[in-house]
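Chemist: So I've got this file, my_file-v6.txt, and it contains compact mmCIF, C-alpha atoms and all ligand atoms:
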```txt
# COMPACT_ATOMS: atom_id res chain seq x y z
CA MET A 1 10.46 35.09 6.24
CA LEU A 2 9.19 31.52 6.01
CA LEU A 3 7.54 31.82 2.64
CA ASP A 4 8.86 34.69 0.57
CA ARG A 5 7.09 34.54 -2.77
CA GLU A 6 9.87 36.42 -4.58
CA GLY A 7 12.24 34.34 -6.70
CA ASP A 8 14.32 31.52 -5.32
CA SER A 9 13.99 32.48 -1.69
CA TRP A 10 10.34 31.45 -1.89
CA ARG A 11 11.33 27.92 -2.86
CA ALA A 12 14.21 27.78 -0.41
CA GLY A 13 11.95 28.99 2.40
CA PHE A 14 9.32 26.46 1.56
CA ARG A 15 11.84 23.63 1.39
CA ALA A 16 13.28 24.63 4.76
CA ALA A 17 9.81 24.76 6.32
CA ARG A 18 9.01 21.36 4.89
CA ARG A 19 12.25 19.92 6.25
CA ARG A 20 11.64 21.32 9.70
CA LEU A 21 8.13 19.91 9.82
CA ALA A 22 9.16 16.50 8.53
CA ASN A 23 11.97 16.31 11.08
CA ALA A 24 9.74 17.39 13.93
CA LEU A 25 7.15 14.79 13.02
CA ARG A 26 9.75 12.08 12.56
CA GLU A 27 10.91 12.76 16.08
CA GLY A 28 7.36 12.39 17.29
CA ALA A 29 6.58 16.03 17.95
CA VAL A 30 2.94 16.98 18.08
CA VAL A 31 2.13 19.29 15.20
CA GLY A 32 2.26 22.78 16.64
CA PRO A 33 3.66 26.17 15.72
CA PRO A 34 5.58 25.06 12.58
CA ALA A 35 2.45 23.64 11.00
CA THR A 36 0.45 26.67 12.05
CA VAL A 37 2.98 28.93 10.33
CA ALA A 38 2.92 26.73 7.26
CA CYS A 39 -0.85 26.86 7.18
CA ALA A 40 -0.81 30.63 7.50
CA ALA A 41 1.51 30.66 4.49
CA ALA A 42 -0.95 28.48 2.61
CA ALA A 43 -3.68 30.97 3.45
CA ILE A 44 -1.53 33.84 2.10
CA LEU A 45 -0.92 31.90 -1.09
CA GLY A 46 -4.66 31.47 -1.48
CA PRO A 47 -5.67 29.47 -4.54
CA ARG A 48 -2.02 28.95 -5.34
CA SER A 49 -1.71 26.79 -2.24
CA MET A 50 -3.21 23.90 -4.16
CA THR A 51 -0.33 24.18 -6.60
CA VAL A 52 2.00 24.01 -3.65
CA LEU A 53 0.12 20.96 -2.42
CA ASP A 54 0.49 19.28 -5.78
CA ALA A 55 4.21 20.00 -5.69
CA GLY A 56 4.21 18.54 -2.17
CA ALA A 57 2.56 15.42 -3.49
CA ARG A 58 5.48 14.97 -5.86
CA TRP A 59 8.23 15.70 -3.32
CA GLY A 60 7.15 14.13 -0.10
CA VAL A 61 3.98 12.30 -0.90
CA GLY A 62 1.96 11.21 2.05
CA THR A 63 4.07 12.93 4.68
CA PRO A 64 2.04 14.09 7.66
CA TRP A 65 2.76 17.80 7.25
CA TYR A 66 1.03 17.54 3.97
CA LEU A 67 -1.99 15.86 5.50
CA TRP A 68 -2.09 18.66 8.01
CA PHE A 69 -2.43 21.18 5.20
CA ILE A 70 -5.35 19.26 3.87
CA THR A 71 -7.33 19.52 7.06
CA GLN A 72 -6.92 23.27 6.93
CA LEU A 73 -7.84 23.59 3.29
CA GLU A 74 -10.51 20.92 3.02
CA PRO A 75 -12.78 21.48 6.02
CA ARG A 76 -15.60 19.52 4.40
CA ALA A 77 -13.79 16.20 4.79
CA ARG A 78 -15.31 15.09 8.07
CA LEU A 79 -13.69 12.88 10.65
CA ALA A 80 -15.36 9.72 11.90
CA PRO A 81 -12.83 8.32 14.38
CA GLY A 82 -12.96 4.80 15.69
CA PRO A 83 -12.61 3.83 19.32
CA GLY A 84 -9.41 2.91 21.10
CA ARG A 85 -7.10 5.35 19.40
CA ALA A 86 -5.24 6.46 22.50
CA ARG A 87 -5.41 3.05 24.15
CA ASN A 88 -3.63 1.29 21.28
CA ARG A 89 -1.01 3.88 20.54
CA SER A 90 1.94 2.10 22.10
CA ARG A 91 1.17 -1.27 20.50
CA MET A 92 0.88 0.40 17.18
CA GLY A 93 4.10 2.30 17.53
CA ALA A 94 5.94 -0.88 18.38
CA ARG A 95 5.45 -2.40 14.93
CA THR A 96 8.21 -1.48 12.56
CA ARG A 97 9.29 -2.50 9.10
CA ALA A 98 11.87 -4.92 10.40
CA ASP A 99 9.43 -6.70 12.71
CA SER A 100 8.65 -10.30 12.05
CA PRO A 101 5.08 -10.57 10.80
CA LYS A 102 2.33 -12.61 12.40
CA GLU A 103 -0.47 -13.97 10.28
CA THR A 104 -2.27 -10.85 9.19
CA ALA A 105 -5.44 -10.92 11.29
CA VAL A 106 -7.35 -8.99 8.72
CA PHE A 107 -7.14 -11.91 6.27
CA SER A 108 -7.72 -14.70 8.76
CA GLY A 109 -11.01 -16.53 9.30
CA PRO A 110 -13.45 -17.91 6.71
CA ALA A 111 -15.83 -14.94 6.85
CA ARG A 112 -13.05 -12.48 6.16
CA ALA A 113 -11.74 -14.57 3.29
CA GLU A 114 -15.19 -14.88 1.66
CA ARG A 115 -15.75 -11.15 2.03
CA TYR A 116 -12.39 -10.44 0.42
CA ASP A 117 -13.23 -12.67 -2.54
CA ARG A 118 -16.34 -10.65 -3.51
CA GLU A 119 -16.99 -9.76 -7.14
CA GLY A 120 -15.85 -6.14 -6.94
CA ASN A 121 -12.54 -7.19 -5.41
CA GLN A 122 -12.05 -9.87 -8.03
CA GLY A 123 -12.25 -7.11 -10.63
CA PHE A 124 -9.95 -4.80 -8.72
CA TYR A 125 -7.17 -7.29 -7.91
CA GLY A 126 -7.59 -9.00 -11.26
CA ARG A 127 -6.89 -5.68 -13.00
CA GLY A 128 -3.89 -5.23 -10.71
CA ALA A 129 -2.48 -8.57 -11.82
CA MET A 130 -3.07 -7.65 -15.46
CA HIS A 131 -1.19 -4.36 -14.99
CA LEU A 132 1.63 -6.44 -13.55
CA LEU A 133 1.97 -8.55 -16.64
CA GLU A 134 1.98 -5.60 -19.05
CA GLY A 135 5.39 -5.33 -20.65
CA ALA A 136 6.64 -8.33 -18.69
CA PRO A 137 9.48 -10.42 -20.12
CA SER A 138 8.41 -13.67 -21.74
CA LEU A 139 7.78 -15.96 -18.82
CA ALA A 140 8.45 -19.69 -18.64
CA GLY A 141 9.53 -22.28 -16.09
CA SER A 142 8.21 -22.18 -12.55
CA GLY A 143 6.42 -19.29 -10.90
CA LEU A 144 5.26 -18.35 -7.41
CA ASP A 145 2.32 -16.05 -6.62
CA LEU A 146 3.49 -14.78 -3.24
CA GLY A 147 0.66 -13.51 -1.04
CA CYS A 148 -1.77 -15.21 -3.42
CA GLY A 149 -4.73 -14.78 -1.05
CA THR A 150 -7.93 -16.31 -2.44
CA GLY A 151 -6.19 -16.83 -5.76
CA ILE A 152 -7.59 -13.84 -7.68
CA SER A 153 -4.15 -12.91 -8.97
CA THR A 154 -3.21 -16.59 -9.45
CA GLU A 155 -6.17 -17.14 -11.77
CA VAL A 156 -5.05 -14.21 -13.92
CA LEU A 157 -1.49 -15.54 -14.00
CA VAL A 158 -2.65 -19.02 -15.00
CA ALA A 159 -4.83 -17.58 -17.76
CA LEU A 160 -2.38 -15.00 -19.14
CA ALA A 161 0.94 -16.75 -18.57
CA PRO A 162 0.04 -20.41 -19.13
CA GLY A 163 3.62 -21.32 -20.04
CA VAL A 164 4.61 -21.03 -16.38
CA GLY A 165 4.05 -23.75 -13.79
CA TRP A 166 2.42 -21.58 -11.11
CA GLN A 167 2.28 -22.18 -7.38
CA GLY A 168 0.80 -19.94 -4.69
CA ALA A 169 1.82 -19.10 -1.12
CA ASP A 170 0.03 -17.13 1.54
CA SER A 171 0.24 -16.73 5.30
CA ALA A 172 -3.55 -16.86 5.77
CA GLN A 173 -4.96 -20.39 5.70
CA ALA A 174 -8.53 -19.11 5.34
CA MET A 175 -7.62 -17.27 2.14
CA LEU A 176 -5.98 -20.41 0.75
CA GLU A 177 -9.10 -22.47 1.52
CA VAL A 178 -11.14 -20.20 -0.75
CA ALA A 179 -8.46 -20.45 -3.46
CA LYS A 180 -8.45 -24.26 -3.26
CA ARG A 181 -12.16 -24.37 -4.18
CA LYS A 182 -11.63 -22.51 -7.46
CA PRO A 183 -11.81 -24.82 -10.49
CA GLY A 184 -9.33 -22.64 -12.38
CA LEU A 185 -6.69 -23.38 -9.74
CA ALA A 186 -7.18 -27.14 -9.64
CA GLY A 187 -3.62 -27.88 -10.78
CA VAL A 188 -1.94 -25.18 -8.73
CA ALA A 189 -0.07 -26.13 -5.54
CA LEU A 190 -0.99 -23.69 -2.76
CA HIS A 191 1.28 -23.37 0.26
CA HIS A 192 0.63 -21.99 3.71
CA ALA A 193 3.80 -19.96 4.17
CA GLN A 194 5.28 -16.66 5.25
CA ALA A 195 7.02 -14.54 2.64
CA GLU A 196 9.88 -14.08 5.12
CA ALA A 197 10.56 -17.81 5.53
CA LEU A 198 9.64 -19.55 2.30
CA PRO A 199 9.54 -23.37 2.34
CA PHE A 200 11.37 -23.65 -0.99
CA GLY A 201 14.94 -24.43 -1.90
CA ASP A 202 17.37 -21.92 -3.32
CA HIS A 203 16.79 -21.02 -6.99
CA SER A 204 13.41 -22.78 -7.16
CA PHE A 205 11.56 -20.24 -9.31
CA ASP A 206 11.98 -18.31 -12.53
CA VAL A 207 9.45 -15.70 -11.53
CA VAL A 208 7.88 -14.50 -8.28
CA VAL A 209 4.76 -12.34 -8.44
CA ALA A 210 3.37 -10.27 -5.57
CA ASN A 211 0.09 -8.56 -6.40
CA PHE A 212 -0.92 -6.04 -3.71
CA ALA A 213 0.86 -8.09 -1.08
CA TRP A 214 4.38 -6.71 -0.63
CA HIS A 215 3.29 -3.93 1.71
CA TRP A 216 2.26 -6.60 4.20
CA PHE A 217 5.64 -8.34 4.19
CA ALA A 218 8.51 -7.60 6.53
CA GLU A 219 11.74 -6.40 4.99
CA ARG A 220 13.48 -9.77 4.91
CA ALA A 221 10.96 -11.05 2.35
CA GLY A 222 13.21 -9.34 -0.20
CA ALA A 223 16.16 -11.59 0.69
CA GLU A 224 13.91 -14.65 0.64
CA VAL A 225 12.66 -13.79 -2.84
CA ARG A 226 16.24 -13.37 -4.04
CA ARG A 227 17.12 -16.75 -2.52
CA VAL A 228 14.28 -18.68 -4.17
CA LEU A 229 14.71 -16.99 -7.58
CA ARG A 230 17.11 -18.44 -10.11
CA PRO A 231 19.84 -16.04 -11.21
CA GLY A 232 18.24 -14.02 -14.01
CA GLY A 233 14.75 -14.66 -12.57
CA TRP A 234 12.12 -11.97 -12.17
CA LEU A 235 10.13 -10.37 -9.39
CA LEU A 236 6.95 -8.73 -10.70
CA ALA A 237 5.25 -6.72 -7.98
CA SER A 238 2.40 -4.26 -7.68
CA VAL A 239 2.77 -2.36 -4.42
CA PRO A 240 0.34 0.17 -2.91
CA LEU A 241 2.03 3.51 -2.25
CA ARG A 242 2.05 6.06 0.52
CA ARG A 243 0.84 8.80 -1.69
CA PHE A 244 -1.58 11.60 -1.24
CA SER A 245 -4.58 11.94 -3.53
CA ARG A 246 -7.09 14.75 -3.75
CA ALA A 247 -9.99 12.34 -4.42
CA ALA A 248 -12.72 12.93 -1.85
CA GLY A 249 -12.50 9.47 -0.29
CA ASN A 250 -8.72 9.72 0.08
CA ARG A 251 -9.03 13.15 1.72
CA ALA A 252 -11.53 11.79 4.22
CA LEU A 253 -9.03 9.09 5.19
CA ALA A 254 -6.20 11.63 5.33
CA ARG A 255 -8.07 13.51 8.01
CA VAL A 256 -8.40 10.42 10.15
CA LEU A 257 -4.70 9.73 9.63
CA LEU A 258 -3.80 12.98 11.29
CA SER A 259 -4.85 11.53 14.59
CA CYS A 260 -2.32 8.71 14.33
CA ARG A 261 0.48 10.29 12.30
CA ARG A 262 3.28 8.87 14.44
CA ALA A 263 2.10 5.36 13.78
CA TYR A 264 1.68 6.25 10.11
CA LEU A 265 5.40 6.87 9.82
CA ARG A 266 6.12 3.38 11.13
CA LEU A 267 3.61 1.09 9.47
CA ARG A 268 4.92 -0.61 6.38
CA SER A 269 1.47 -1.94 5.51
CA GLN A 270 0.43 1.61 4.68
CA GLY A 271 2.33 1.20 1.47
CA LEU A 272 5.83 1.99 0.36
CA ARG A 273 7.24 5.11 -1.22
CA PHE A 274 7.53 4.95 -4.98
CA GLU A 275 11.35 5.07 -4.84
CA GLU A 276 11.51 2.25 -2.28
CA VAL A 277 9.66 -0.22 -4.46
CA ALA A 278 12.53 -0.60 -6.93
CA SER A 279 14.87 -1.79 -4.19
CA VAL A 280 12.76 -4.27 -2.23
CA VAL A 281 15.12 -7.07 -3.31
CA PRO A 282 18.56 -6.54 -1.76
CA GLY A 283 21.74 -6.71 -3.83
CA PRO A 284 22.32 -6.00 -7.49
CA VAL A 285 19.19 -6.08 -9.64
CA ARG A 286 18.10 -4.83 -13.03
CA VAL A 287 14.91 -2.76 -12.87
CA ALA A 288 13.15 -3.13 -16.21
CA ARG A 289 9.90 -1.39 -15.24
CA HIS A 290 9.10 1.00 -12.41
CA GLU A 291 5.83 2.75 -12.99
CA LEU A 292 3.10 4.56 -11.13
CA VAL A 293 -0.43 3.32 -11.81
CA ILE A 294 -3.58 4.84 -10.35
CA GLU A 295 -6.80 2.85 -10.19
CA ARG A 296 -9.87 5.06 -9.75
CA GLU A 297 -13.15 3.84 -8.31
CA ARG A 298 -16.47 5.49 -7.57
CA PHE A 299 -18.72 4.52 -4.67
CA ALA A 300 -22.29 5.48 -3.87
CA ASP A 301 -21.41 6.90 -0.46
CA GLY A 302 -19.08 6.71 2.53
CA ARG A 303 -20.73 3.53 3.76
CA GLU A 304 -19.95 1.65 0.55
CA LEU A 305 -16.42 3.06 0.50
CA PHE A 306 -15.88 1.90 4.07
CA ASP A 307 -17.20 -1.57 3.28
CA VAL A 308 -14.90 -1.98 0.28
CA LEU A 309 -11.84 -0.61 2.07
CA ASP A 310 -12.51 -2.92 4.99
CA SER A 311 -13.01 -6.01 2.82
CA ARG A 312 -9.64 -5.37 1.15
CA GLY A 313 -7.83 -4.99 4.44
CA ALA A 314 -7.06 -1.42 3.45
CA LEU A 315 -8.34 0.14 6.67
CA ALA A 316 -6.16 -2.16 8.74
CA ALA A 317 -3.27 -1.49 6.39
CA ILE A 318 -3.56 2.27 6.68
CA PHE A 319 -4.60 2.67 10.31
CA GLY A 320 -3.56 -0.53 12.07
CA ASP A 321 -5.33 -0.53 15.42
CA HIS A 322 -6.62 2.99 14.86
CA ALA A 323 -9.07 2.15 12.09
CA PRO A 324 -12.19 4.32 11.95
CA THR A 325 -15.59 2.65 12.26
CA ARG A 326 -17.04 4.56 9.33
CA VAL A 327 -15.93 7.03 6.71
CA GLU A 328 -18.05 10.09 6.17
CA THR A 329 -17.66 11.85 2.89
CA GLU A 330 -19.65 13.32 0.05
CA SER A 331 -21.87 11.09 -2.14
CA PRO A 332 -20.99 9.71 -4.59
CA VAL A 333 -17.36 9.45 -3.63
CA GLU A 334 -14.24 9.00 -5.71
CA PHE A 335 -11.36 6.93 -4.41
CA GLU A 336 -7.89 6.48 -5.86
CA TRP A 337 -5.49 3.58 -5.36
CA PRO A 338 -1.97 4.60 -6.32
CA PHE A 339 0.43 1.72 -6.70
CA ALA A 340 3.82 1.03 -8.22
CA VAL A 341 4.47 -1.75 -10.68
CA VAL A 342 8.02 -3.09 -10.80
CA HIS A 343 9.74 -5.71 -12.92
CA VAL A 344 13.01 -6.57 -11.23
CA GLN A 345 15.53 -9.09 -12.53
CA VAL A 346 17.95 -10.61 -10.02
C1 LIG B 401 -4.47 -7.78 -0.53
S1 LIG B 401 -4.21 -9.48 -0.48
C2 LIG B 401 -3.71 -9.82 -2.16
C3 LIG B 401 -4.01 -11.24 -2.52
C4 LIG B 401 -3.80 -11.62 -3.98
N1 LIG B 401 -2.43 -11.40 -4.42
C5 LIG B 401 -4.77 -10.94 -4.90
O1 LIG B 401 -4.34 -10.32 -5.87
O2 LIG B 401 -5.99 -11.04 -4.65
C6 LIG B 401 -2.68 -9.65 0.42
C7 LIG B 401 -2.38 -11.09 0.80
O3 LIG B 401 -1.05 -11.13 1.35
C8 LIG B 401 -1.07 -12.11 2.38
N2 LIG B 401 0.05 -11.86 3.30
C9 LIG B 401 0.17 -10.86 4.19
N3 LIG B 401 1.33 -10.97 4.85
C10 LIG B 401 1.96 -12.05 4.35
C11 LIG B 401 3.20 -12.67 4.61
N4 LIG B 401 4.04 -12.17 5.52
N5 LIG B 401 3.53 -13.78 3.92
C12 LIG B 401 2.70 -14.30 2.99
N6 LIG B 401 1.50 -13.75 2.71
C13 LIG B 401 1.14 -12.64 3.37
C14 LIG B 401 -2.41 -11.94 3.04
O4 LIG B 401 -2.80 -13.06 3.79
C15 LIG B 401 -3.32 -11.67 1.83
O5 LIG B 401 -3.88 -12.85 1.36
```
Kindly transcribe the structure held in the file into structure tokens.

Modeler:
Amino acid sequence: MLLDREGDSWRAGFRAARRRLANALREGAVVGPPATVACAAAAILGPRSMTVLDAGARWGVGTPWYLWFITQLEPRARLAPGPGRARNRSRMGARTRADSPKETAVFSGPARAERYDREGNQGFYGRGAMHLLEGAPSLAGSGLDLGCGTGISTEVLVALAPGVGWQGADSAQAMLEVAKRKPGLAGVALHHAQAEALPFGDHSFDVVVANFAWHWFAERAGAEVRRVLRPGGWLLASVPLRRFSRAAGNRALARVLLSCRRAYLRLRSQGLRFEEVASVVPGPVRVARHELVIERERFADGRELFDVLDSRGALAAIFGDHAPTRVETESPVEFEWPFAVVHVQV
């Protein structure tokens, strides 16, 4: 029996079912009989299924089988799909973690950059940067805000860690143009550069910060950061996670994700797994902090949620070319941003 509720066999059965589903999805199988059986099991478990879901969130957070459950159990989360889903499937599937990045279109162009730099986002990313500095080692010397964008995080770094000579780097020129206009960043050198090919010599920095940016980088950014850091230097990063949340806004997005689950498995920009974040820099490191943080926000309705997600590049990050054109959900709507904070010494 797939889910025997008696003793250990219940857990073993559930683990086996989960493994089978995860494997099938990894191989690109369309969700079919296994998920149906799993959903029937959830129905048998009744209210207890939410406990199972919570356990699932801890074991295999964000995996598509889990999202599938949600559609069965949360029928009120309505789907508002965007156009072009089928048309773009192959392009989407072609982008993998090892791919070399292009300038991220979602942050390019003056209008996009201005929209990103809105007040609400300044608060959100500013808080992210503050979380990053909590419990940080005493910082001095030279520092790089990698993926500095419009300089929201850089301004926090300059204000809260003034003993460091900060510089910024970002692959989007339009974002840097906004940063350059900020009086608080007048003395900060801002570089147009890719995280995967940094224009700095070996051992140039004592600290590299990446606030909500690492999920956009390709894997070799880790080696670049190790190269430009002095031995004993620090990487402080806040990285969005692939993690399921039961908040209404997150559930609405989870439903849309079901339609592009194969791409979901491949897109790094969707966020990393909590465990992965501690090892983004290759080679021996000392991990001094590795913590889950959840930022909660409340929006008037789906339209406001969509607007905020879009301005932060979050829709492009999660869905790539499959982004919905609106998000329908209850009003007001809660949204959660789970991210990992790491302090890594090389
Ligand atoms: C969500 S924003 C965060 C910006 C800033 N750290 C903040 O706290 O507001 C992510 C930034 O990473 C930049 N980015 C994306 N891919 C990059 C890459 N490969 N190299 C450098 N920057 C990149 C984007 O252009 C964008 O400005």

Chemist: Measuring between all atoms listed in the file, which one of A:Ala195, A:Ile318, A:Ala105, A:Leu236 shows the shortest distance to A:Ala218?

Modeler: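 When distances to A:Ala218 are compared using all atoms listed in the file, the smallest one comes from A:Ala195.
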
Chemist: Would you compute the box with edges along x, y and z of the file around ligand LIG 401 (chain B), including every atom the file lists for it and 3 Å extra on each side, and give its centre and edge lengths in Å to one decimal, as AutoDock Vina command-line options?

Modeler:
```
--center_x -1.0 --center_y -11.0 --center_z -0.2 --size_x 16.0 --size_y 12.5 --size_z 17.4
```

Chemist: Point out the residue among A:Asp170, A:Glu295, A:Glu134, A:Asp321 with the least atom-to-atom distance to ligand LIG 401 (chain B), counting all atoms listed in the file.

Modeler: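 Ranked by minimum distance to ligand LIG 401 (chain B), first place goes to A:Asp170.
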
Chemist: Measuring between all atoms listed in the file, which one of A:Val228, A:Ala314, A:Val346, A:Val207 shows the shortest distance to ligand LIG 401 (chain B)?

Modeler: A:Ala314

Chemist: Can you work out which residues are within 9 Å of ligand LIG 401 (chain B), considering only C-alpha atoms and all ligand atoms, and then hand them over as a PyMOL selection string?

Modeler: chain A and resi 100-108+113+116-117+121-122+124-129+145-154+156+169-176+192-198+209-218+221+312-314
